[in-house]
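Novice: This is the structure I want to talk about, given as structure tokens.
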Amino acid sequence: MILVTGGAGFIGSNLHAALAAAGEDVIIADWLGHEGQKWRNFQNHPPSQVLRPEELDSFLDHDLRLTAIVHLGAISETTARDADLVWHSNVTLSQKLWSWCAAHRVRFIYASSAATYGDGAAGFDDDMSIPALLRLKPLNLYGWSKHAFDLWAARQAADKAHAPPAWAGVKFFNVYGPNEYHKGKMISVVKVKHDELMAGGPVRLFKSDRPDLADGAQQRDFIHIDDVVAALQFLLKVPQVGGIYNLGTGTARSYADLARAVCAANGMDERIEYIDMPEALRGQYQSFTEAKMERLRKLGFTHRFLTLEEGVSAYIQNFLQKADPYR
């Protein structure tokens with residue numbers, strides 16, 4: 001039995017679809033919401049049990065059948081301002097689940113983020129040594145909270161008695177794909193650009209806020225949700241795992257490349273317009289991310305990642321252009 005926190009969200013619901021298809025017994029911990037459409041992430045694969053997060057403590061006190069916890073629940077908005085709430089959600093709860101898994105000898109996988117790397121000045125090496133982690137300087141509260149838990153986990157893992165028998169922190173890079181429609185302003189650039197085209201306009205990209213970087217040349221490591229789910233399923237099965245691992249494709253691509261891929265997937269000629277970057281993002285905008293993937297590969301993960309063009313085409317043509325866009 002596998003518990004997935006944040007399981008009704010983007011990554012969680014896609015993981016649930018794959019685990020359910022594989023015959024796994026999965027329990028979801030999340031709020032489905034009162035007015036939103038988050039429940040639709042499950043409309044094609046209803047879960048057998050959904051816990052509200054406030055029911056977690058009671059569940060963990062009385063149900064010892066779990067073989068793994070995949071902890072994806074978090075406040076993930078990069079513009080979040082309530083530091084107390086972010087700390088409680090992203091650090092305190094993570095510590096509680098880590099300690100429970102350590103005490104009950106249960107596998108633990110948790111979501112970290114590429115936001116921990118800040119502006120990339122310290123590189124994108126998923127070295128989990130304390131000196132390496134301390135060199136990272138996240139740019140926002142969300143990234144800092146994920147970084148704080150990474151540091152705590154690394155220190156706990158140094159004492160085997162205080163660590164789960166198998167564990168992995170996963171630094172997700174820029175994930176896109178179906179079931180992200182509830183995310184509001186945190187939705188992927190692929191979906192936003194597709195919607196702009198469907199509204200009859202051009203694809204709009206931020207101008208560069210750096211004099212040494214051309215407009216549209218900002219690069220990110222964009223990864224399709226299917227590749228993310230493949231990696232999480234691998235980490236749930238690999239016999240020996242203990243560490244923090246990047247999860248991107250290992251290849252950075254420009255926003256201009258992404259815009260062209262969105263146009264091509266929709267059968268349209270290139271239509272790109274550059275607009276000023278909002279003041280709120282200047283100085284907090286990652287102009288380059290690229291995952292070093294050697295550590296995950298060394299565990300035996302041989303999966304071939306979709307190229308940007310393959311992934312964007314699959315997302316748009318198999319989901320966004322369909323009457324039912326859900327996984």
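Labels used: A, B, ... for chains in the order of the structure tokens, numbers from 1 for residues in each chain, and numbers from 1 for ligands as shown.
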Please extract the residues of region 161-320 of chain A with a backbone DSSP assignment of helix (DSSP H, G or I) and present them as a PyMOL selection string.
Specialist: chain A and resi 161-162+184-186+189-198+225-237+255-265+279-281+294-298+308-320
Novice: Selected residues, C-alpha atoms, written as an mmCIF file, in the first residue's frame, please.
Specialist:
```cif
data_model
loop_
_atom_site.group_PDB
_atom_site.id
_atom_site.type_symbol
_atom_site.label_atom_id
_atom_site.label_comp_id
_atom_site.auth_asym_id
_atom_site.auth_seq_id
_atom_site.Cartn_x
_atom_site.Cartn_y
_atom_site.Cartn_z
ATOM 1 C CA ALA A 161 19.129 5.177 12.707
ATOM 2 C CA HIS A 162 17.261 8.403 11.939
ATOM 3 C CA GLY A 184 -3.778 28.810 -11.708
ATOM 4 C CA LYS A 185 -0.764 31.077 -12.135
ATOM 5 C CA MET A 186 1.585 28.141 -11.463
ATOM 6 C CA VAL A 189 4.381 27.610 -19.768
ATOM 7 C CA VAL A 190 3.319 25.023 -22.368
ATOM 8 C CA LYS A 191 -0.347 25.286 -21.343
ATOM 9 C CA VAL A 192 -0.233 29.089 -21.104
ATOM 10 C CA LYS A 193 1.299 29.455 -24.565
ATOM 11 C CA HIS A 194 -1.160 26.970 -26.077
ATOM 12 C CA ASP A 195 -4.052 28.988 -24.621
ATOM 13 C CA GLU A 196 -2.633 32.211 -26.043
ATOM 14 C CA LEU A 197 -2.586 30.703 -29.515
ATOM 15 C CA MET A 198 -6.108 29.310 -29.145
ATOM 16 C CA ILE A 225 5.014 14.398 -16.693
ATOM 17 C CA ASP A 226 5.280 10.868 -18.137
ATOM 18 C CA ASP A 227 9.051 10.987 -17.627
ATOM 19 C CA VAL A 228 8.568 12.201 -14.055
ATOM 20 C CA VAL A 229 6.147 9.371 -13.283
ATOM 21 C CA ALA A 230 8.552 6.813 -14.780
ATOM 22 C CA ALA A 231 11.287 8.045 -12.445
ATOM 23 C CA LEU A 232 9.020 7.972 -9.374
ATOM 24 C CA GLN A 233 7.918 4.423 -10.164
ATOM 25 C CA PHE A 234 11.560 3.455 -10.503
ATOM 26 C CA LEU A 235 12.404 5.003 -7.126
ATOM 27 C CA LEU A 236 9.546 3.064 -5.537
ATOM 28 C CA LYS A 237 11.103 -0.209 -6.702
ATOM 29 C CA TYR A 255 11.684 29.582 -24.183
ATOM 30 C CA ALA A 256 11.833 30.430 -27.870
ATOM 31 C CA ASP A 257 12.285 26.716 -28.627
ATOM 32 C CA LEU A 258 9.258 25.960 -26.473
ATOM 33 C CA ALA A 259 7.169 28.616 -28.217
ATOM 34 C CA ARG A 260 8.083 27.200 -31.620
ATOM 35 C CA ALA A 261 7.194 23.675 -30.417
ATOM 36 C CA VAL A 262 3.769 24.883 -29.228
ATOM 37 C CA CYS A 263 3.100 26.550 -32.586
ATOM 38 C CA ALA A 264 4.207 23.444 -34.503
ATOM 39 C CA ALA A 265 2.098 21.077 -32.351
ATOM 40 C CA GLU A 279 8.939 44.071 -11.802
ATOM 41 C CA ALA A 280 7.976 41.408 -9.238
ATOM 42 C CA LEU A 281 9.964 38.775 -11.161
ATOM 43 C CA GLU A 294 24.285 11.227 -13.490
ATOM 44 C CA ARG A 295 23.264 10.265 -9.951
ATOM 45 C CA LEU A 296 19.826 8.965 -10.924
ATOM 46 C CA ARG A 297 21.290 7.206 -13.963
ATOM 47 C CA LYS A 298 23.859 5.457 -11.760
ATOM 48 C CA LEU A 308 10.851 19.065 -25.860
ATOM 49 C CA GLU A 309 9.217 18.764 -29.271
ATOM 50 C CA GLU A 310 7.994 15.211 -28.570
ATOM 51 C CA GLY A 311 6.635 16.113 -25.161
ATOM 52 C CA VAL A 312 4.892 19.315 -26.213
ATOM 53 C CA SER A 313 3.315 17.561 -29.205
ATOM 54 C CA ALA A 314 2.115 14.652 -27.037
ATOM 55 C CA TYR A 315 0.600 17.001 -24.442
ATOM 56 C CA ILE A 316 -1.185 19.242 -26.920
ATOM 57 C CA GLN A 317 -2.382 16.651 -29.409
ATOM 58 C CA ASN A 318 -3.271 13.868 -26.969
ATOM 59 C CA PHE A 319 -4.848 16.037 -24.267
ATOM 60 C CA LEU A 320 -5.291 19.780 -24.871
#
```
Novice: Can you list every residue in region 148-290 of chain A that DSSP puts in strand (DSSP E or B), as a ChimeraX atom specification?
Specialist: /A:167-172,174-176,203-206,219-220,222-224,242-247,253-254,272-275,288
Novice: Include C-alpha atoms and write out the residues we just selected as a PDB file, in the first residue's frame.
Specialist:
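out_18.pdb, freshly written:
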```pdb
ATOM      1  CA  TRP A 167      14.474   7.337   0.699  1.00  0.00           C
ATOM      2  CA  ALA A 168      14.815   9.869  -2.088  1.00  0.00           C
ATOM      3  CA  GLY A 169      14.380  13.611  -2.337  1.00  0.00           C
ATOM      4  CA  VAL A 170      13.467  14.493  -5.933  1.00  0.00           C
ATOM      5  CA  LYS A 171      14.407  17.902  -7.319  1.00  0.00           C
ATOM      6  CA  PHE A 172      11.767  18.429  -9.978  1.00  0.00           C
ATOM      7  CA  ASN A 174      10.037  22.346 -15.106  1.00  0.00           C
ATOM      8  CA  VAL A 175       7.286  19.726 -15.355  1.00  0.00           C
ATOM      9  CA  TYR A 176       4.418  20.014 -17.847  1.00  0.00           C
ATOM     10  CA  VAL A 203       2.828  33.364 -28.006  1.00  0.00           C
ATOM     11  CA  ARG A 204       4.037  36.004 -25.545  1.00  0.00           C
ATOM     12  CA  LEU A 205       7.432  35.620 -23.880  1.00  0.00           C
ATOM     13  CA  PHE A 206       9.201  37.806 -21.333  1.00  0.00           C
ATOM     14  CA  GLN A 219      16.631  28.324 -20.849  1.00  0.00           C
ATOM     15  CA  ARG A 220      14.964  25.787 -18.600  1.00  0.00           C
ATOM     16  CA  PHE A 222      11.480  21.184 -19.339  1.00  0.00           C
ATOM     17  CA  ILE A 223      10.340  17.637 -18.539  1.00  0.00           C
ATOM     18  CA  HIS A 224       7.103  15.863 -19.512  1.00  0.00           C
ATOM     19  CA  GLY A 242      19.182   7.014  -0.243  1.00  0.00           C
ATOM     20  CA  GLY A 243      19.802  10.565  -1.401  1.00  0.00           C
ATOM     21  CA  ILE A 244      18.658  13.669  -3.220  1.00  0.00           C
ATOM     22  CA  TYR A 245      18.285  13.345  -6.987  1.00  0.00           C
ATOM     23  CA  ASN A 246      17.668  15.765  -9.824  1.00  0.00           C
ATOM     24  CA  LEU A 247      14.754  15.016 -12.120  1.00  0.00           C
ATOM     25  CA  ARG A 253      16.007  24.390 -23.963  1.00  0.00           C
ATOM     26  CA  SER A 254      15.095  28.016 -24.608  1.00  0.00           C
ATOM     27  CA  ILE A 272       6.082  35.072 -30.940  1.00  0.00           C
ATOM     28  CA  GLU A 273       5.857  38.467 -29.224  1.00  0.00           C
ATOM     29  CA  TYR A 274       8.220  39.679 -26.482  1.00  0.00           C
ATOM     30  CA  ILE A 275       6.862  41.672 -23.548  1.00  0.00           C
ATOM     31  CA  PHE A 288      18.941  28.918 -16.870  1.00  0.00           C
TER      32      PHE A 288
END
```
Novice: So that I can see what lies close to Arg135 (chain A), please list as a PyMOL selection string the residues with an atom at most 12 Å from it, counting only C-alpha atoms and leaving out residues fewer than 6 positions away in the same chain.
Specialist: chain A and resi 116-129+147+151
Novice: Counting only C-alpha atoms, which residue out of A:Lys96, A:Val4, A:Gly12, A:Asp150 sits closest to Ala132 (chain A)?
Specialist: A:Asp150
Novice: Given only C-alpha atoms as the basis, pick out the residue of A:Asp324, A:Glu290, A:Thr251, A:Asp159 nearest to Thr307 (chain A).
Specialist: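 Checking each of A:Asp324, A:Glu290, A:Thr251, A:Asp159 against Thr307 (chain A), counting only C-alpha atoms, the winner is A:Thr251.
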